Amino acid sequence: MKKYKHKQTKLIFTYTALIPCLVVMGVFIYFPLIYGFRVSLAKDWSLNQFVGFSHYIKLVRSSEFWNSLKVTLVFCSAYTLIINTLGLFLAILVNKKIKFRNFFRAALFSPYMISMVAVGLIWQYMLNEKNGLINYLLKFVRVPAIPWLADSHIALFSLVLIQSWTLTGYIMLLLLAGLQGISKSYYESAEIDGAGASAKLLYISIPLLRPTLFLSSLTGFIQGFVLSFALVKVVTLGGPMHSTDIFSYFIYRTAFDYFDLPLANALSILGLSFLAILGIILFKLQERSA
Amino acid sequence: MKQRFILLTVITGLVVLMCQVSVVNAKTKKLKVWMQTQHYYEPWQEVVQEFEKDYGYKVEVEFLGAWANARIKIMSNFAAGTPPDVMEVRPSWTAEFGIRGFAKDLTEEISQWPAAKDFFEKALEEPKYGEKFYGIKAFGTAEMMFYNKSIFRGAGLDPENPPTTWDETLKVAKTLTCDLNGDGVLDRYGWGIAPKKWAQTASFMSWLAASGTPFFNEERTLVNLDTQQAIALGRFLQDLKEVSYVAESSAPADAMRKRFATGEDLGMISGITVDVGNIRRVNPDLDYGISYMPVPEGQDYCTSLHGPHFIIPADAENPEAGWELLKRFENVEKLVEITKQYGMTFPRKSWAQNPEVQKLPMMQKLSSILETASSYFGLQLIKELGMPSVTGKIGKELIYDLYEKIIYQNEDPTQAFKEFTEEANKLIQEERGR
């Protein structure tokens with residue numbers, strides 16, 4: 001009886017302790033989600049007229065929506081690939097016993113700590129076609145000035161470069177933690193069997209890092225989808241010619257520039273649905289391969 | 001026990017004190033004003049202090065940042081029903097807020113206000129939508145040509161005779177653009193072409209006005225920039241680009257105006273009247289002149305009118321007090337003081353005729369340029385067609401695209417203006433069909 005009462009008390013305490021968290025999640029996540037969906041079914045923000053899924057149909061039929069989705073997928077895929085590849089390489093380097101290892105770790109991580117607005121402004125000046133630092137340095141190797149932000153074929157690549165510069169250090173730390181979690185006995189056994197550095201990387205490090213790599217890829221991708229707004233707002237404004245019109249910026253324009261709140265909410269719901277489906281597919285693939 | 005008693009007493013005392021403070025705060029009447037930081041001039045700060053003494057209000061002035069960011073704050077507060085009592089807004093937003101029911105109808109107040117007759121007619125009519133006034137024009141600025149007289153002299157040109165037509169402008173710009181030290185890199189440019197952000201609000205709007213192109217079809221129900229005048233403008237700008245410093249598309253709006261103020265390498269730019277005051281503060285020794293925006297041969301001078309409006313939100317807590325404050329802001333003596341100290345110009349007849357204003361450098365020329373100014377394309381769009389979401393998109397996004405195609409992508413202007421007109425009208429017709 002005493003044991004049962006103790007168990008009950010524990011349960012009551014647990015659920016009571018969860019209430020503040022549930023309230024906060026309800027107010028800041030679930031209620032806005034449900035209300036936003038409700039707004040997306042209305043004609044305008046006054047919610048006086050119900051129009052069903054007409055905003056969703058309008059979006060699916062609009063070339064602007066598909067362009068934004070395409071740009072975002074290209075952007076997120078490109079920089080996720082770069083930060084994971086580069087991050088892994090740097091993690092392996094800073095995992096070795098080298099001089100000033102801690103300094104290098106801190107220096108590589110530091111871009112992640114700078115506000116995205118500051119990062120955008122600095123890089124905007126550095127990538128300036130006429131007066132920027134990058135083109136100035138390229139002059140010394142006889143490379144002509146590159147219109148980093150002015151050419152619609154190059155501007156998206158420039159944003160990938162900036163985003164990669166910002167996030168590589170963070171991914172490096174995640175993968176470093178993963179590397180340090182791998183037991184040394186695996187490497188010792190491989191050395192005894194005559195495995196070289198590349199074999200150890202391909203057959204031990206990468207397979208055992210797969211869960212960490214998966215997590216870093218997924219969070220990196222989602223971060224690009226959702227949080228790259230500041231970068232686009234500061235650096236390119238979605239141009240030139242919508243070549244950097246990333247999804248989050250598209251939502252912002254629709255909501256605040258044109259005050260088309262139902263359409264903006266429909267965009268957000270579609271974006272969320274896309275990410276949820278992508279997440280489920282990737283988790284299933286991850287489970288199967290494990 | 002004693003410690004608990006002392007602790008309880010302290011906590012009770014603090015709670016009572018906080019309640020007193022809340023009561024005092026609740027009793028103080030507050031008037032919330034939102035405006036641009038750089039527009040909260042000293043004479044207006046004095047107006048606020050006098051208003052507080054006379055009416056017993058505490059005026060809380062909050063500063064809006066760049067207009068793009070200010071819009072987020074403004075729209076969020078409108079949606080939440082927590083707007084201020086007085087607000088400074090962009091001209092095209094006044095009509096939009098009137099249509100959406102966010103701005104108070106000030107028709108009655110303005111009809112009973114003697115100072116209303118003192119406004120230039122175009123400036124008084126600008127914050128109107130339909131037959132209703134939704135604001136008053138806070139400042140009267142217009143786009144004009146700034147030119148560097150020292151650079152003109154250095155190139156053997158007459159500094160008192162700036163170009164007035166497009167052909168003359170091209171000739172002068174070609175003369176001015178050169179490599180001064182023979183290192184193969186251009187050191188001086190005839191014109192400074194504005195970036196996208198400035199083009200959408202100012203310079204491209206003024207070029208459109210100067211071109212003489214109509215903006216609409218005859219019935220004024222659809223956009224029409226697929227005109228000979230607009231296409232000629234496109235070709236002119238592409239020729240001008242060859243002898244200009246072209247700002248990066250995403251550069252800050254004031255990039256060229258700041259560069260001109262340094263006096264180093266730009267012969268001519270387009271800027272607004274407030275730049276006269278800015279240059280006086282930043283580089284008072286700059287030897288420059290102002291003139292009308294160049295126009296095609298045989299065309300009358302024409303430019304675009306700019307300058308924010310003051311509105312009173314429909315949900316303002318203290319609309320009457322807000323209106324009183326606005327009327328005090330519009331005291332002509334205060335406006336003259338602002339002009340003397342900061343170079344800002346106002347759309348008021350008595351201000352323009354004031355001897356102290358007339359004495360200021362370039363004021364006479366400024367006043368005559370202001371007289372040629374009319375509402376810019378983006379503003380006319382919304383006033384003529386309504387549909388704020390669609391006309392906002394046309395006036396910003398489609399204009400950005402058009403400007404990029406002509407200046408940065410070198411697209412054929414015939415094709416660019418045709419595509420613009422078709423896309424704009426497609427959006428308008430889709431909205432009408434909803």
# chains A, B, ... in the order shown; residues from 1 in each chain; ligands from 1

$ interface_residues --of "chain A" --to "chain B" --cutoff "6 Å" --atoms "only C-alpha atoms" --output "MDAnalysis selection string"
chainID A and resid 236 241 256 258

$ select_by_dssp --residues "region 276-315 of chain B" --states "strand (DSSP E or B)" --output "number ranges by chain"
B: 288-291, 295, 303-306, 309-311, 313

$ atom_distance --atom1 "CA of Asp158 (chain B)" --atom2 "CA of Ser211 (chain B)"
25.3 Å

$ residues_around --residues "Leu176 (chain B)" --least-positions-apart "4" --cutoff "9 Å" --atoms "only C-alpha atoms" --output "PyMOL selection string"
chain B and resi 151-152+154-155+171-172+188-191+243+266-267

$ write_last_selection --atoms "N, CA and C atoms" --output "PDB file, in the first residue's frame"
ATOM      1  N   ILE B 151      34.100  68.841 -59.776  1.00  0.00           N
ATOM      2  CA  ILE B 151      34.370  67.840 -60.813  1.00  0.00           C
ATOM      3  C   ILE B 151      34.028  68.414 -62.190  1.00  0.00           C
ATOM      4  N   PHE B 152      32.931  69.171 -62.245  1.00  0.00           N
ATOM      5  CA  PHE B 152      32.556  69.810 -63.517  1.00  0.00           C
ATOM      6  C   PHE B 152      33.680  70.732 -63.993  1.00  0.00           C
ATOM      7  N   GLY B 154      36.827  70.733 -63.138  1.00  0.00           N
ATOM      8  CA  GLY B 154      38.014  69.934 -63.469  1.00  0.00           C
ATOM      9  C   GLY B 154      37.948  69.329 -64.866  1.00  0.00           C
ATOM     10  N   ALA B 155      36.701  69.044 -65.317  1.00  0.00           N
ATOM     11  CA  ALA B 155      36.530  68.443 -66.643  1.00  0.00           C
ATOM     12  C   ALA B 155      36.280  69.489 -67.719  1.00  0.00           C
ATOM     13  N   LYS B 171      25.982  63.126 -72.515  1.00  0.00           N
ATOM     14  CA  LYS B 171      27.227  63.759 -73.014  1.00  0.00           C
ATOM     15  C   LYS B 171      28.112  64.152 -71.833  1.00  0.00           C
ATOM     16  N   VAL B 172      27.512  64.795 -70.843  1.00  0.00           N
ATOM     17  CA  VAL B 172      28.277  65.260 -69.679  1.00  0.00           C
ATOM     18  C   VAL B 172      28.844  64.061 -68.917  1.00  0.00           C
ATOM     19  N   ARG B 188      36.756  58.179 -61.920  1.00  0.00           N
ATOM     20  CA  ARG B 188      35.674  59.148 -61.801  1.00  0.00           C
ATOM     21  C   ARG B 188      34.526  58.706 -62.709  1.00  0.00           C
ATOM     22  N   TYR B 189      33.335  58.912 -62.206  1.00  0.00           N
ATOM     23  CA  TYR B 189      32.145  58.468 -62.938  1.00  0.00           C
ATOM     24  C   TYR B 189      31.194  59.631 -63.155  1.00  0.00           C
ATOM     25  N   GLY B 190      30.537  59.585 -64.301  1.00  0.00           N
ATOM     26  CA  GLY B 190      29.610  60.663 -64.622  1.00  0.00           C
ATOM     27  C   GLY B 190      28.383  60.661 -63.730  1.00  0.00           C
ATOM     28  N   TRP B 191      27.831  59.487 -63.462  1.00  0.00           N
ATOM     29  CA  TRP B 191      26.606  59.377 -62.678  1.00  0.00           C
ATOM     30  C   TRP B 191      26.745  58.232 -61.684  1.00  0.00           C
ATOM     31  N   VAL B 243      28.395  54.858 -68.400  1.00  0.00           N
ATOM     32  CA  VAL B 243      29.269  55.941 -67.929  1.00  0.00           C
ATOM     33  C   VAL B 243      28.934  56.284 -66.482  1.00  0.00           C
ATOM     34  N   LEU B 266      31.977  60.944 -57.906  1.00  0.00           N
ATOM     35  CA  LEU B 266      30.712  60.926 -58.633  1.00  0.00           C
ATOM     36  C   LEU B 266      30.366  62.329 -59.120  1.00  0.00           C
ATOM     37  N   GLY B 267      30.140  62.453 -60.430  1.00  0.00           N
ATOM     38  CA  GLY B 267      29.817  63.764 -60.984  1.00  0.00           C
ATOM     39  C   GLY B 267      28.387  64.171 -60.677  1.00  0.00           C
TER      40      GLY B 267
END

$ closest_residue --among "B:Val61, B:Cys302, B:Ile231, B:Leu208" --to "Lys32 (chain B)" --atoms "only C-alpha atoms"
B:Val61

$ residues_around --residues "Ala91 (chain A)" --least-positions-apart "3" --cutoff "9 Å" --atoms "only C-alpha atoms" --output "VMD selection string"
chain A and resid 86 to 88 94 to 96 105 169 171 to 177 179

$ write_last_selection --atoms "C-alpha atoms" --output "short mmCIF file (atom, residue, chain, number, x, y, z; two decimals), in the first residue's frame"
data_model
loop_
_atom_site.label_atom_id
_atom_site.label_comp_id
_atom_site.auth_asym_id
_atom_site.auth_seq_id
_atom_site.Cartn_x
_atom_site.Cartn_y
_atom_site.Cartn_z
CA LEU A 86 34.07 20.06 -43.91
CA GLY A 87 32.88 19.65 -40.33
CA LEU A 88 33.94 15.99 -40.29
CA VAL A 94 41.12 18.90 -34.03
CA ASN A 95 40.63 15.48 -32.44
CA LYS A 96 44.35 14.80 -32.89
CA ARG A 105 38.43 24.49 -31.71
CA GLY A 169 32.29 25.13 -36.60
CA ILE A 171 28.83 20.87 -36.84
CA MET A 172 32.52 20.25 -36.23
CA LEU A 173 31.87 20.30 -32.46
CA LEU A 174 28.91 17.91 -32.78
CA LEU A 175 30.98 15.47 -34.82
CA LEU A 176 33.96 15.89 -32.51
CA ALA A 177 31.78 14.79 -29.59
CA LEU A 179 34.28 10.92 -32.58
#

$ residues_around --residues "Glu188 (chain A)" --least-positions-apart "5" --cutoff "12 Å" --atoms "only C-alpha atoms" --output "list in words"
Ile182, Ser183, Asp193, Gly194, Ala195, Gly196, Ala197, Lys200 and Ile204 of chain A

$ write_last_selection --atoms "N, CA and C atoms" --output "short mmCIF file (atom, residue, chain, number, x, y, z; two decimals), in the first residue's frame"
data_model
loop_
_atom_site.label_atom_id
_atom_site.label_comp_id
_atom_site.auth_asym_id
_atom_site.auth_seq_id
_atom_site.Cartn_x
_atom_site.Cartn_y
_atom_site.Cartn_z
N ILE A 182 33.59 7.28 -29.76
CA ILE A 182 33.91 5.98 -30.37
C ILE A 182 35.05 5.34 -29.57
N SER A 183 34.86 4.09 -29.19
CA SER A 183 35.86 3.41 -28.37
C SER A 183 37.17 3.23 -29.14
N ASP A 193 45.03 -5.25 -37.65
CA ASP A 193 44.69 -5.90 -38.94
C ASP A 193 45.33 -5.20 -40.13
N GLY A 194 46.07 -4.12 -39.89
CA GLY A 194 46.81 -3.45 -40.97
C GLY A 194 46.01 -2.37 -41.68
N ALA A 195 44.95 -1.86 -41.06
CA ALA A 195 44.14 -0.80 -41.71
C ALA A 195 44.86 0.53 -41.64
N GLY A 196 44.80 1.28 -42.77
CA GLY A 196 45.40 2.62 -42.81
C GLY A 196 44.40 3.66 -42.34
N ALA A 197 44.78 4.95 -42.47
CA ALA A 197 43.93 6.05 -41.97
C ALA A 197 42.61 6.12 -42.71
N LYS A 200 40.31 3.27 -41.70
CA LYS A 200 39.73 3.52 -40.37
C LYS A 200 38.60 4.54 -40.48
N ILE A 204 35.22 2.60 -39.86
CA ILE A 204 34.96 2.71 -38.42
C ILE A 204 34.29 4.05 -38.09
#

$ select_by_dssp --residues "region 141-326 of chain B" --states "helix (DSSP H, G or I)" --output "PyMOL selection string"
chain B and resi 149-154+166-176+196-201+203-211+228-241+255-262+274-282+319-326

$ residues_around --residues "Glu333 (chain B)" --least-positions-apart "5" --cutoff "12 Å" --atoms "only C-alpha atoms" --output "ChimeraX atom specification"
/B:43-44,47,328,338-340,346,348,350-352,354-357

$ residues_around --residues "Thr421 (chain B)" --least-positions-apart "2" --cutoff "7 Å" --atoms "only C-alpha atoms" --output "list in words"
Val223, Asn224, Leu225, Asp226, Phe417, Lys418, Glu419, Glu423, Ala424 and Asn425 of chain B

$ atom_distance --atom1 "CA of Ser206 (chain B)" --atom2 "CA of Ser291 (chain B)"
13.3 Å

$ decode --residues "region 138-174 of chain B" --atoms "C-alpha atoms" --output "compact mmCIF listing (two decimals), in the first residue's frame"
# COMPACT_ATOMS: atom_id res chain seq x y z
CA ALA B 138 4.69 65.54 -42.77
CA PHE B 139 7.51 66.58 -45.10
CA GLY B 140 7.77 67.70 -48.70
CA THR B 141 10.80 66.32 -50.46
CA ALA B 142 11.40 65.66 -54.12
CA GLU B 143 13.96 63.81 -56.18
CA MET B 144 16.40 66.11 -57.94
CA MET B 145 19.80 66.06 -59.59
CA PHE B 146 22.86 66.79 -57.47
CA TYR B 147 26.08 67.60 -59.30
CA ASN B 148 29.65 68.18 -58.13
CA LYS B 149 30.76 71.63 -59.34
CA SER B 150 34.46 70.95 -58.64
CA ILE B 151 34.37 67.84 -60.81
CA PHE B 152 32.56 69.81 -63.52
CA ARG B 153 35.24 72.52 -63.42
CA GLY B 154 38.01 69.93 -63.47
CA ALA B 155 36.53 68.44 -66.64
CA GLY B 156 36.22 71.85 -68.31
CA LEU B 157 32.41 72.03 -67.96
CA ASP B 158 30.41 75.07 -66.85
CA PRO B 159 29.39 74.41 -63.21
CA GLU B 160 26.49 76.86 -63.46
CA ASN B 161 25.03 75.10 -66.47
CA PRO B 162 24.17 71.52 -65.53
CA PRO B 163 22.52 69.22 -68.07
CA THR B 164 18.73 69.37 -68.23
CA THR B 165 17.89 66.79 -70.90
CA TRP B 166 18.74 63.11 -71.21
CA ASP B 167 21.01 63.70 -74.22
CA GLU B 168 22.92 66.44 -72.41
CA THR B 169 23.22 64.24 -69.32
CA LEU B 170 24.74 61.40 -71.35
CA LYS B 171 27.23 63.76 -73.01
CA VAL B 172 28.28 65.26 -69.68
CA ALA B 173 28.47 61.85 -67.99
CA LYS B 174 30.73 60.57 -70.83
